[in-house]
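Undergrad: For reference, this is protein_8.txt, and it has compact mmCIF, C-alpha atoms.
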```
# COMPACT_ATOMS: atom_id res chain seq x y z
CA MET A 1 10.88 36.67 8.70
CA HIS A 2 9.07 34.81 5.93
CA ALA A 3 10.09 31.74 3.94
CA ILE A 4 8.92 30.02 0.80
CA VAL A 5 9.45 26.30 0.32
CA MET A 6 9.78 24.97 -3.23
CA SER A 7 9.77 21.35 -4.45
CA MET A 8 10.98 20.43 -7.91
CA GLY A 9 10.00 17.43 -10.00
CA ASN A 10 7.60 16.11 -12.62
CA GLU A 11 6.89 13.18 -10.31
CA LEU A 12 5.40 15.69 -7.85
CA THR A 13 3.38 17.79 -10.28
CA SER A 14 2.00 14.63 -11.94
CA GLY A 15 0.91 13.17 -8.61
CA GLN A 16 3.13 10.09 -8.90
CA THR A 17 4.98 11.04 -5.71
CA VAL A 18 3.67 12.83 -2.61
CA ASP A 19 5.76 15.79 -1.43
CA THR A 20 6.66 15.15 2.21
CA ASN A 21 9.69 17.45 2.18
CA SER A 22 7.72 20.70 2.31
CA ALA A 23 5.70 19.65 5.36
CA TRP A 24 8.83 18.57 7.22
CA LEU A 25 10.72 21.76 6.37
CA SER A 26 7.78 23.91 7.45
CA ARG A 27 7.82 22.28 10.88
CA GLN A 28 11.55 22.89 11.24
CA LEU A 29 11.21 26.52 10.18
CA ALA A 30 8.34 27.05 12.62
CA ALA A 31 10.58 25.83 15.43
CA LEU A 32 13.04 28.54 14.38
CA GLY A 33 10.31 31.20 14.46
CA ILE A 34 10.25 31.54 10.66
CA SER A 35 6.79 31.53 9.11
CA VAL A 36 6.24 29.85 5.75
CA ARG A 37 4.38 32.05 3.30
CA ARG A 38 3.67 29.35 0.74
CA HIS A 39 4.62 25.96 -0.70
CA ILE A 40 5.36 25.83 -4.42
CA THR A 41 5.64 22.68 -6.55
CA VAL A 42 7.38 23.11 -9.91
CA ALA A 43 7.80 20.82 -12.90
CA ASP A 44 11.22 19.99 -14.36
CA GLU A 45 11.24 22.88 -16.85
CA LEU A 46 14.12 25.35 -16.84
CA ASP A 47 12.14 28.54 -17.51
CA VAL A 48 9.39 27.58 -15.08
CA ILE A 49 11.89 26.90 -12.28
CA ARG A 50 13.82 30.10 -13.02
CA ALA A 51 10.66 32.22 -12.92
CA ALA A 52 9.47 30.54 -9.70
CA LEU A 53 12.84 31.13 -8.01
CA ASP A 54 12.91 34.75 -9.14
CA ALA A 55 9.39 35.44 -7.84
CA ALA A 56 9.98 33.63 -4.54
CA ALA A 57 13.22 35.48 -3.86
CA ARG A 58 11.41 38.81 -4.29
CA ASP A 59 8.64 37.79 -1.90
CA ALA A 60 10.47 36.06 0.96
CA ASP A 61 13.53 36.39 3.15
CA VAL A 62 14.44 32.71 2.84
CA VAL A 63 13.80 30.30 -0.03
CA LEU A 64 14.32 26.58 0.53
CA THR A 65 14.21 24.24 -2.45
CA THR A 66 14.36 20.45 -2.69
CA GLY A 67 15.01 18.34 -5.77
CA GLY A 68 16.48 18.88 -9.19
CA ILE A 69 20.21 18.68 -8.33
CA GLY A 70 20.85 15.11 -9.44
CA PRO A 71 23.02 14.03 -12.39
CA THR A 72 20.34 13.52 -15.07
CA GLU A 73 19.05 15.72 -17.88
CA ASP A 74 15.86 16.65 -16.00
CA ASP A 75 17.77 17.94 -12.94
CA LEU A 76 17.62 21.64 -13.71
CA THR A 77 17.55 23.52 -10.41
CA ARG A 78 21.23 24.54 -10.47
CA HIS A 79 20.87 25.80 -14.07
CA ALA A 80 17.67 27.69 -13.23
CA LEU A 81 19.22 29.31 -10.16
CA ALA A 82 22.23 30.43 -12.19
CA ALA A 83 19.90 31.90 -14.81
CA ALA A 84 17.88 33.74 -12.15
CA MET A 85 21.13 35.12 -10.68
CA GLY A 86 22.35 36.11 -14.13
CA VAL A 87 25.58 34.10 -13.81
CA GLY A 88 27.15 30.98 -15.25
CA LEU A 89 28.08 27.68 -13.63
CA GLU A 90 31.53 27.17 -12.15
CA PHE A 91 33.38 23.96 -11.36
CA HIS A 92 34.15 23.16 -7.70
CA ALA A 93 36.95 20.59 -7.45
CA PRO A 94 36.45 19.62 -3.76
CA SER A 95 32.84 18.69 -4.47
CA LEU A 96 33.87 16.46 -7.36
CA GLU A 97 36.40 14.74 -5.13
CA HIS A 98 33.70 14.15 -2.52
CA ILE A 99 31.46 12.58 -5.19
CA ARG A 100 34.28 10.34 -6.41
CA GLU A 101 34.95 9.21 -2.84
CA PHE A 102 31.25 8.44 -2.38
CA PHE A 103 31.39 5.97 -5.28
CA ALA A 104 34.79 4.62 -4.27
CA ARG A 105 33.49 3.66 -0.83
CA ARG A 106 30.97 1.49 -2.65
CA SER A 107 33.64 0.01 -4.95
CA ARG A 108 32.19 1.76 -7.99
CA ASP A 109 33.57 4.14 -10.57
CA MET A 110 31.87 7.54 -10.73
CA PRO A 111 29.79 7.89 -13.90
CA GLU A 112 30.80 10.92 -15.94
CA ALA A 113 27.21 12.22 -15.65
CA ASN A 114 27.78 12.95 -11.95
CA ARG A 115 30.37 15.61 -12.81
CA ILE A 116 27.53 18.12 -13.26
CA GLN A 117 26.87 17.89 -9.52
CA ALA A 118 30.18 19.68 -8.92
CA MET A 119 28.99 22.72 -10.93
CA PHE A 120 27.60 25.71 -9.01
CA PRO A 121 26.24 29.17 -9.90
CA ALA A 122 29.08 31.70 -9.72
CA GLY A 123 29.09 33.40 -6.34
CA SER A 124 27.22 30.58 -4.58
CA THR A 125 28.55 28.28 -1.86
CA PRO A 126 28.40 24.46 -1.94
CA ILE A 127 26.71 22.68 0.97
CA GLU A 128 28.25 19.33 1.80
CA ASN A 129 26.06 16.25 1.43
CA ILE A 130 27.32 13.50 3.72
CA CYS A 131 24.57 11.06 2.67
CA GLY A 132 24.65 11.23 -1.13
CA THR A 133 26.27 12.61 -4.25
CA ALA A 134 24.33 15.87 -4.63
CA PRO A 135 25.88 18.85 -2.79
CA GLY A 136 23.47 21.59 -1.84
CA ILE A 137 23.79 25.23 -2.84
CA GLN A 138 23.66 28.41 -0.78
CA ALA A 139 23.16 31.64 -2.72
CA LYS A 140 21.80 35.16 -2.53
CA LEU A 141 19.03 36.10 -4.95
CA HIS A 142 17.41 39.54 -4.66
CA GLN A 143 16.54 39.94 -0.95
CA ALA A 144 16.47 36.25 -0.17
CA ASP A 145 18.90 33.67 1.10
CA VAL A 146 18.40 30.61 -1.10
CA PHE A 147 19.21 27.10 0.06
CA VAL A 148 19.02 24.34 -2.55
CA MET A 149 18.86 20.80 -1.15
CA PRO A 150 18.39 17.27 -2.51
CA GLY A 151 14.93 15.82 -3.05
CA VAL A 152 15.76 12.53 -1.32
CA PRO A 153 14.13 13.03 2.10
CA ARG A 154 16.93 11.55 4.20
CA GLU A 155 19.63 13.52 2.39
CA MET A 156 17.59 16.72 2.64
CA ARG A 157 16.86 16.33 6.35
CA VAL A 158 20.46 15.65 7.30
CA MET A 159 21.66 18.59 5.20
CA PHE A 160 19.10 20.95 6.69
CA GLU A 161 19.81 19.96 10.29
CA ARG A 162 23.59 19.92 9.82
CA SER A 163 24.18 22.95 7.60
CA VAL A 164 21.09 25.08 7.00
CA ALA A 165 19.32 25.26 10.36
CA PRO A 166 22.42 26.67 12.15
CA LEU A 167 22.52 29.52 9.62
CA LEU A 168 18.85 30.36 10.22
CA ALA A 169 18.89 30.03 14.01
CA GLY A 170 18.17 33.32 15.77
CA ARG A 171 16.75 35.01 12.68
CA GLY A 172 13.10 34.25 13.39
CA ALA A 173 10.70 36.04 15.70
CA GLY A 174 10.33 33.76 18.70
CA VAL A 175 9.74 30.03 18.50
CA ILE A 176 6.81 27.96 17.26
CA LEU A 177 6.58 24.33 18.38
CA MET A 178 4.11 21.77 17.07
CA ARG A 179 2.83 18.42 18.24
CA THR A 180 0.06 16.06 17.19
CA VAL A 181 -1.77 13.95 19.78
CA HIS A 182 -3.27 10.82 18.18
CA THR A 183 -6.57 9.27 19.25
CA PHE A 184 -8.53 6.19 18.27
CA GLY A 185 -12.05 5.09 19.18
CA ALA A 186 -14.12 8.27 18.71
CA GLY A 187 -15.16 10.36 15.74
CA GLU A 188 -13.77 13.79 14.92
CA SER A 189 -16.94 15.57 16.03
CA ASP A 190 -16.87 13.81 19.42
CA VAL A 191 -13.23 14.69 19.95
CA GLY A 192 -13.89 18.25 18.82
CA THR A 193 -16.78 18.65 21.24
CA THR A 194 -14.63 17.48 24.15
CA ILE A 195 -11.93 20.06 23.44
CA ARG A 196 -14.06 22.82 21.92
CA ASP A 197 -12.83 25.59 24.21
CA LEU A 198 -9.19 24.74 23.42
CA MET A 199 -9.93 25.24 19.70
CA ARG A 200 -11.28 28.78 19.93
CA ARG A 201 -9.78 31.29 17.50
CA GLY A 202 -7.10 33.66 18.73
CA ARG A 203 -5.90 31.32 21.44
CA ASN A 204 -2.22 30.40 21.93
CA PRO A 205 -1.57 27.53 21.49
CA THR A 206 -3.79 26.96 18.47
CA VAL A 207 -5.51 23.58 18.47
CA GLY A 208 -7.21 21.76 15.57
CA THR A 209 -8.25 18.25 14.55
CA THR A 210 -7.46 16.10 11.53
CA ALA A 211 -9.17 12.84 10.58
CA GLN A 212 -7.15 10.20 8.75
CA GLN A 213 -8.53 6.69 8.29
CA THR A 214 -10.25 6.46 11.72
CA ILE A 215 -7.34 8.04 13.58
CA ILE A 216 -8.16 11.54 14.84
CA GLY A 217 -5.12 13.74 15.33
CA VAL A 218 -5.25 16.82 17.55
CA ARG A 219 -2.70 19.38 16.34
CA ILE A 220 -1.15 21.82 18.80
CA GLN A 221 0.91 24.83 17.71
CA ALA A 222 2.45 26.90 20.49
CA ALA A 223 4.19 30.25 19.94
CA GLY A 224 6.62 31.61 22.52
CA ARG A 225 9.27 34.26 22.90
CA ASP A 226 11.80 31.47 23.29
CA PHE A 227 11.96 27.67 23.23
CA ALA A 228 11.23 27.32 26.94
CA GLU A 229 8.02 29.35 26.77
CA ALA A 230 6.77 27.58 23.65
CA ARG A 231 7.55 24.18 25.18
CA ARG A 232 5.75 25.08 28.41
CA LEU A 233 2.60 26.05 26.49
CA LEU A 234 2.84 22.95 24.30
CA ASP A 235 3.27 20.59 27.24
CA ALA A 236 0.41 22.20 29.17
CA ASP A 237 -2.05 21.72 26.31
CA THR A 238 -0.83 18.17 25.71
CA ALA A 239 -1.43 17.30 29.36
CA GLU A 240 -4.92 18.82 29.23
CA LEU A 241 -5.78 16.92 26.04
CA ARG A 242 -4.62 13.67 27.59
CA ARG A 243 -6.67 14.39 30.71
CA ARG A 244 -9.86 15.08 28.77
CA LEU A 245 -9.51 12.40 26.10
CA GLY A 246 -8.18 9.68 28.39
CA ASP A 247 -7.82 6.22 26.88
CA LEU A 248 -8.63 7.56 23.41
CA VAL A 249 -5.07 8.91 23.24
CA PHE A 250 -2.52 6.36 22.07
CA GLY A 251 0.48 8.45 21.07
CA GLU A 252 2.04 11.61 19.71
CA ASP A 253 3.61 12.71 16.41
CA ASP A 254 5.14 9.64 14.70
CA GLU A 255 3.87 7.08 17.22
CA THR A 256 1.52 4.44 15.78
CA LEU A 257 -0.99 2.09 17.39
CA ALA A 258 1.56 -0.70 16.99
CA ASP A 259 4.13 1.44 18.83
CA ALA A 260 1.67 1.96 21.66
CA VAL A 261 0.85 -1.75 21.86
CA GLY A 262 4.54 -2.65 21.84
CA ALA A 263 5.25 -0.22 24.66
CA GLN A 264 2.43 -1.73 26.74
CA LEU A 265 3.62 -5.27 26.07
CA LEU A 266 7.15 -4.36 27.15
CA ARG A 267 5.84 -2.55 30.22
CA THR A 268 3.72 -5.52 31.32
CA GLY A 269 6.19 -8.20 30.21
CA GLN A 270 3.53 -10.00 28.17
CA THR A 271 3.65 -11.71 24.79
CA VAL A 272 1.24 -11.80 21.87
CA ALA A 273 0.41 -14.01 18.90
CA THR A 274 -2.02 -13.52 16.02
CA ALA A 275 -4.49 -15.75 14.18
CA GLU A 276 -5.80 -13.80 11.20
CA SER A 277 -8.22 -14.48 8.41
CA CYS A 278 -9.67 -11.39 6.68
CA THR A 279 -6.74 -9.14 7.66
CA GLY A 280 -4.29 -11.48 5.95
CA GLY A 281 -1.35 -10.88 8.30
CA LEU A 282 -1.67 -7.11 8.54
CA ILE A 283 -1.82 -7.19 12.34
CA ALA A 284 1.33 -9.30 12.57
CA LYS A 285 3.06 -7.00 10.09
CA SER A 286 2.13 -3.91 12.10
CA LEU A 287 3.44 -5.43 15.31
CA THR A 288 6.70 -6.55 13.72
CA ASP A 289 7.20 -3.19 11.99
CA VAL A 290 8.25 -1.96 15.43
CA SER A 291 11.92 -2.38 16.26
CA GLY A 292 12.42 -4.72 19.21
CA SER A 293 9.12 -6.54 18.66
CA SER A 294 10.88 -9.91 18.99
CA ALA A 295 10.71 -9.30 22.76
CA TYR A 296 6.93 -9.73 22.75
CA PHE A 297 5.65 -11.00 19.37
CA LEU A 298 5.86 -14.80 19.28
CA SER A 299 4.25 -15.83 16.00
CA GLY A 300 1.29 -15.41 13.72
CA LEU A 301 -0.87 -17.49 11.41
CA VAL A 302 -2.97 -16.48 8.42
CA THR A 303 -5.66 -19.15 8.49
CA TYR A 304 -7.63 -17.99 5.50
CA SER A 305 -9.40 -21.25 4.66
CA ASN A 306 -11.78 -23.16 6.89
CA GLU A 307 -9.49 -26.18 6.67
CA ALA A 308 -6.57 -24.12 8.01
CA LYS A 309 -8.67 -22.86 10.92
CA VAL A 310 -9.55 -26.44 11.83
CA ARG A 311 -6.14 -28.03 11.26
CA LEU A 312 -3.85 -25.32 12.66
CA LEU A 313 -5.97 -23.60 15.31
CA ALA A 314 -8.14 -26.56 16.35
CA VAL A 315 -11.35 -24.65 15.58
CA PRO A 316 -14.11 -27.31 15.78
CA GLU A 317 -15.43 -28.03 12.29
CA ALA A 318 -18.93 -28.28 13.73
CA LEU A 319 -18.61 -24.70 14.95
CA ILE A 320 -17.95 -23.49 11.41
CA LEU A 321 -20.78 -25.57 9.98
CA GLU A 322 -23.24 -24.21 12.55
CA HIS A 323 -22.24 -20.53 12.68
CA GLY A 324 -20.13 -19.95 9.58
CA ALA A 325 -16.46 -18.96 9.44
CA VAL A 326 -17.42 -15.31 9.92
CA SER A 327 -18.95 -15.49 13.37
CA ALA A 328 -18.29 -14.68 17.02
CA PRO A 329 -17.80 -18.34 18.07
CA VAL A 330 -15.18 -18.91 15.36
CA ALA A 331 -13.33 -15.67 16.22
CA GLU A 332 -13.23 -16.84 19.84
CA ALA A 333 -11.99 -20.32 18.92
CA MET A 334 -9.31 -18.85 16.67
CA ALA A 335 -7.97 -16.56 19.40
CA VAL A 336 -8.05 -19.30 22.05
CA GLY A 337 -6.41 -21.75 19.64
CA GLY A 338 -3.70 -19.27 18.72
CA ARG A 339 -2.91 -18.49 22.33
CA ARG A 340 -2.68 -22.19 23.18
CA LEU A 341 -0.64 -23.08 20.11
CA PHE A 342 2.04 -20.45 20.64
CA GLY A 343 1.97 -20.22 24.43
CA ALA A 344 1.34 -16.47 24.31
CA ASP A 345 -0.13 -14.33 27.07
CA CYS A 346 -2.53 -12.75 24.54
CA ALA A 347 -3.75 -13.70 21.08
CA LEU A 348 -5.69 -11.62 18.56
CA SER A 349 -7.94 -13.10 15.88
CA THR A 350 -9.94 -11.67 12.99
CA THR A 351 -12.52 -13.23 10.70
CA GLY A 352 -14.72 -11.19 8.39
CA ILE A 353 -15.83 -10.20 4.91
CA ALA A 354 -13.51 -7.62 3.37
CA GLY A 355 -15.34 -7.60 0.03
CA PRO A 356 -16.16 -6.42 -2.46
CA THR A 357 -17.71 -9.89 -2.96
CA GLY A 358 -18.90 -12.46 -0.46
CA GLY A 359 -21.44 -10.43 1.49
CA THR A 360 -25.01 -11.52 2.23
CA ALA A 361 -28.07 -9.86 3.74
CA THR A 362 -27.21 -11.20 7.19
CA LYS A 363 -23.43 -10.99 6.83
CA PRO A 364 -22.67 -7.93 4.71
CA VAL A 365 -19.33 -6.77 3.38
CA GLY A 366 -17.51 -4.97 6.18
CA LEU A 367 -18.61 -7.35 8.94
CA VAL A 368 -15.63 -8.43 11.07
CA PHE A 369 -15.43 -10.41 14.31
CA PHE A 370 -12.45 -10.02 16.64
CA GLY A 371 -11.18 -12.32 19.35
CA LEU A 372 -8.78 -11.36 22.14
CA ALA A 373 -7.74 -14.31 24.27
CA HIS A 374 -5.88 -13.74 27.54
CA ALA A 375 -5.43 -15.35 30.94
CA GLY A 376 -8.84 -14.18 32.07
CA GLY A 377 -10.76 -15.62 29.12
CA CYS A 378 -11.60 -14.36 25.64
CA GLU A 379 -13.31 -11.16 24.55
CA VAL A 380 -15.21 -11.17 21.26
CA HIS A 381 -16.19 -8.01 19.42
CA GLU A 382 -18.26 -7.42 16.29
CA ARG A 383 -17.83 -4.45 14.00
CA ARG A 384 -19.62 -3.46 10.79
CA PHE A 385 -17.30 -1.14 8.95
CA GLY A 386 -19.67 -0.48 6.02
CA SER A 387 -20.02 -2.05 2.61
CA GLU A 388 -19.28 1.29 0.95
CA LEU A 389 -15.63 1.01 1.99
CA THR A 390 -13.00 -0.58 -0.20
CA ARG A 391 -11.40 -3.91 0.64
CA LYS A 392 -8.20 -2.10 1.60
CA GLU A 393 -10.07 0.30 3.90
CA ILE A 394 -11.99 -2.49 5.67
CA ARG A 395 -8.83 -4.49 6.29
CA ASP A 396 -6.98 -1.40 7.53
CA ARG A 397 -9.76 -0.47 9.92
CA ALA A 398 -9.94 -4.03 11.19
CA ARG A 399 -6.18 -3.99 11.78
CA LYS A 400 -6.39 -0.79 13.80
CA PHE A 401 -9.42 -1.94 15.78
CA ALA A 402 -7.65 -5.18 16.74
CA LEU A 403 -4.50 -3.37 17.84
CA ASN A 404 -6.56 -0.95 19.90
CA LEU A 405 -8.39 -3.82 21.61
CA LEU A 406 -5.07 -5.19 22.77
CA ARG A 407 -3.81 -1.72 23.76
CA LEU A 408 -6.83 -1.07 25.97
CA ARG A 409 -6.67 -4.54 27.52
CA LEU A 410 -3.01 -4.07 28.44
CA LEU A 411 -3.57 -0.51 29.63
CA HIS A 412 -6.37 -1.48 31.99
CA ALA A 413 -4.62 -4.63 33.17
CA SER A 414 -1.46 -2.69 34.06
CA SER A 415 -3.41 -0.01 35.95
CA ALA A 416 -5.65 -2.47 37.83
```
Show how you would write the structure in this file as structure tokens.
TA:
Amino acid sequence: MHAIVMSMGNELTSGQTVDTNSAWLSRQLAALGISVRRHITVADELDVIRAALDAAARDADVVLTTGGIGPTEDDLTRHALAAAMGVGLEFHAPSLEHIREFFARRSRDMPEANRIQAMFPAGSTPIENICGTAPGIQAKLHQADVFVMPGVPREMRVMFERSVAPLLAGRGAGVILMRTVHTFGAGESDVGTTIRDLMRRGRNPTVGTTAQQTIIGVRIQAAGRDFAEARRLLDADTAELRRRLGDLVFGEDDETLADAVGAQLLRTGQTVATAESCTGGLIAKSLTDVSGSSAYFLSGLVTYSNEAKVRLLAVPEALILEHGAVSAPVAEAMAVGGRRLFGADCALSTTGIAGPTGGTATKPVGLVFFGLAHAGGCEVHERRFGSELTRKEIRDRARKFALNLLRLRLLHASSA
């Protein structure tokens, strides 16, 4: 069984918005054993959408669409589907009542424009939307079952899992499960060399690598006759990857470095504070992005100026005058001062030159010093991320490097 996934919207074709719906739907279809033949992105033009729907329904068994079923003039998917089916739109009173109730629960009157969302191609079936005002549409077009869903990711995902996936279950050939194992600390070529035999063509599971801003993801796709077989193959490859890659692995799928650090802090019962300069609070933000971080994150300071480093972190002024603010001794003093000030078990510090200005021959743009203070002392690390990187890239790489320093420290301390 083959599927085609379509996304509607000028914001997608213009590049203003990135289409995440298609990738998510493809993963869900793979788990149902349904292969995706192609992704199609279509502008908000009636004839273009109609033609794309018509062609897709002739080429696939299932067509999933997202977007274009809102209440505005550029929401044209329902009209285009009706045109492709050669039918008109019909009013569905229960859907209108659901939309009215949605607004009533928010103490608002339903705008008249939303009435169009209760109109459906004749012969189609509404799909309830429990998260928003746009009902989905189930229809038959040529050989294909067509499922029209909202473009809002949360609404689409709930609708698919609640109403569409049960209708597709059992129609695919076997099961395909996917997982991504995330690594940090080695380049893509090094990771690829370590797992080269697992990446050979024709193997099941299939394994590949993806590099994204210093994080190397190892993708695993396992095909099985049923869920149990696919899961067994997936778990076996995951275990082997973890064995070979060791401490480079920090998580899977949606797990971030901050998630991994948080898990280690909870496991060891330790706390952390931050004293940042060039990263401007990005490390503290990453740590507090994780739900439950109040259990281990105590506080953070952005001591951007030399005066703030001296006054708030007790960095000796003479140290700055002798070595400069961007130096190993200052990074160490910042981390030690932050740990003492907040009474944390660990403290991370950063001081560097994010650019594009401020670099010199001896201290170029991209130079960052890191401090990690803990009960056993203070580690200091130097990294030169490269002056060719943008300010945003340098700060992001420094953030990740700092988080990984703490992750490795906690990992080794807990296993000692």
Undergrad: How many Å lie between CA of Ile220 in chain A and CA of Ala186 in chain A, rounded to one decimal?
TA: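 Distance reported for this atom pair: 18.8 Å.
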Undergrad: List the neighbours of range 188-195 of chain A out to 7 Å using only C-alpha atoms; skip same-chain residues closer than 2 positions along the sequence, and give me the result as number ranges by chain.
TA: A: 186, 197-199, 211, 216
Undergrad: Quick one: residues within 10 Å of Lys309 in chain A, all atoms listed in the file, excluding same-chain residues fewer than 4 positions away - as number ranges by chain?
TA: A: 275-277, 301-305, 313-317, 320, 325, 330, 333-334, 337-338
Undergrad: One decimal, in Å: what's the spacing between CA of Gln270 in chain A and CA of Leu403 in chain A?
TA: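 Going from CA of Gln270 in chain A over to CA of Leu403 in chain A covers 14.7 Å.
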Undergrad: Grab the CA of Thr20 in chain A to CA of Ser7 in chain A distance for me, in Å with one decimal place.
TA: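 If I compute the distance from CA of Thr20 in chain A to CA of Ser7 in chain A, I get 9.6 Å.
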Undergrad: Range 387-396 of chain A, all listed atoms, 3 Å padding on each side: what axis-aligned box centre and edge lengths in Å to one decimal come out, as JSON?
TA:
```
{"center_x": -13.5, "center_y": -1.6, "center_z": 3.7, "size_x": 19.0, "size_y": 11.8, "size_z": 13.7}
```
Undergrad: Which residue out of A:Arg200, A:Arg27, A:His182, A:His412 has the minimum interatomic distance to Arg219 in chain A when all atoms listed in the file are used?
TA: A:His182
Undergrad: For Ala60 in chain A, list every protein, DNA or RNA residue within 10 Å, evaluated using all atoms listed in the file, and leave out those in the same chain fewer than 5 positions away; present the list as a tab-separated table (two decimals) with C-alpha atoms, in the coordinates of the input.
TA:
```
chain	number	residue	atom	x	y	z
A	1	MET	CA	10.88	36.67	8.70
A	2	HIS	CA	9.07	34.81	5.93
A	3	ALA	CA	10.09	31.74	3.94
A	4	ILE	CA	8.92	30.02	0.80
A	5	VAL	CA	9.45	26.30	0.32
A	36	VAL	CA	6.24	29.85	5.75
A	37	ARG	CA	4.38	32.05	3.30
A	38	ARG	CA	3.67	29.35	0.74
A	55	ALA	CA	9.39	35.44	-7.84
A	142	HIS	CA	17.41	39.54	-4.66
A	143	GLN	CA	16.54	39.94	-0.95
A	144	ALA	CA	16.47	36.25	-0.17
A	145	ASP	CA	18.90	33.67	1.10
A	146	VAL	CA	18.40	30.61	-1.10
```
Undergrad: For Phe385 in chain A, please output as a list of chain:residue names all residues within 8 Å (counting all atoms listed in the file; exclusion window: fewer than 6 positions along the same chain).
TA: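 Selected residues are A:Gly366, A:Leu367, A:Val368, A:Ile394, A:Arg397.
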Undergrad: Find the residues around range 351-354 of chain A up to 10 Å (only C-alpha atoms counted), leave out those fewer than 3 positions away in its own chain, and share them as a ChimeraX atom specification.
TA: /A:275-280,303-304,325-328,330-332,334,357-360,363-371,382-387,389-396,398
Undergrad: Compare A:Ser26, A:Asn204, A:Ser163, A:Gln213 by their minimum atom-to-atom distance to Leu234 in chain A, counting all atoms listed in the file, and give me the closest one.
TA: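 Distance minimum relative to Leu234 in chain A lands on A:Asn204.
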Undergrad: For each of A:Met6, A:Ala139, A:Ala30, A:Val336, take the minimum atom-to-atom distance to Ala169 in chain A, counting all atoms listed in the file, then give the residue where this is smallest.
TA: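 Between A:Met6, A:Ala139, A:Ala30, A:Val336, the residue approaching Ala169 in chain A most closely is A:Ala30.
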Undergrad: Could you check the closest approach to Pro166 in chain A for each of A:Ile283, A:Leu319, A:Met8, A:Leu32 and tell me which residue wins, using all atoms listed in the file?
TA: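 The closest residue to Pro166 in chain A is A:Leu32.
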Undergrad: Find the residues with any atom within 12 Å of (-5.0, -4.1, 26.9); use all atoms listed in the file and the coordinates as given in the file, and write the answer as a PyMOL selection string.
TA: chain A and resi 247+250+260-265+267-268+270-272+345-348+372-376+379+402-416
Undergrad: I'd like to know which of A:Gly300, A:Gly269, A:Gly33, A:Gly15 is closest to Gln221 in chain A, using all atoms listed in the file.
TA: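 That would be A:Gly33, the residue with the smallest distance to Gln221 in chain A.
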Undergrad: Tell me which of A:Arg179, A:Arg115, A:Lys400, A:His381 sits closest to Arg100 in chain A, counting only C-alpha atoms.
TA: A:Arg115
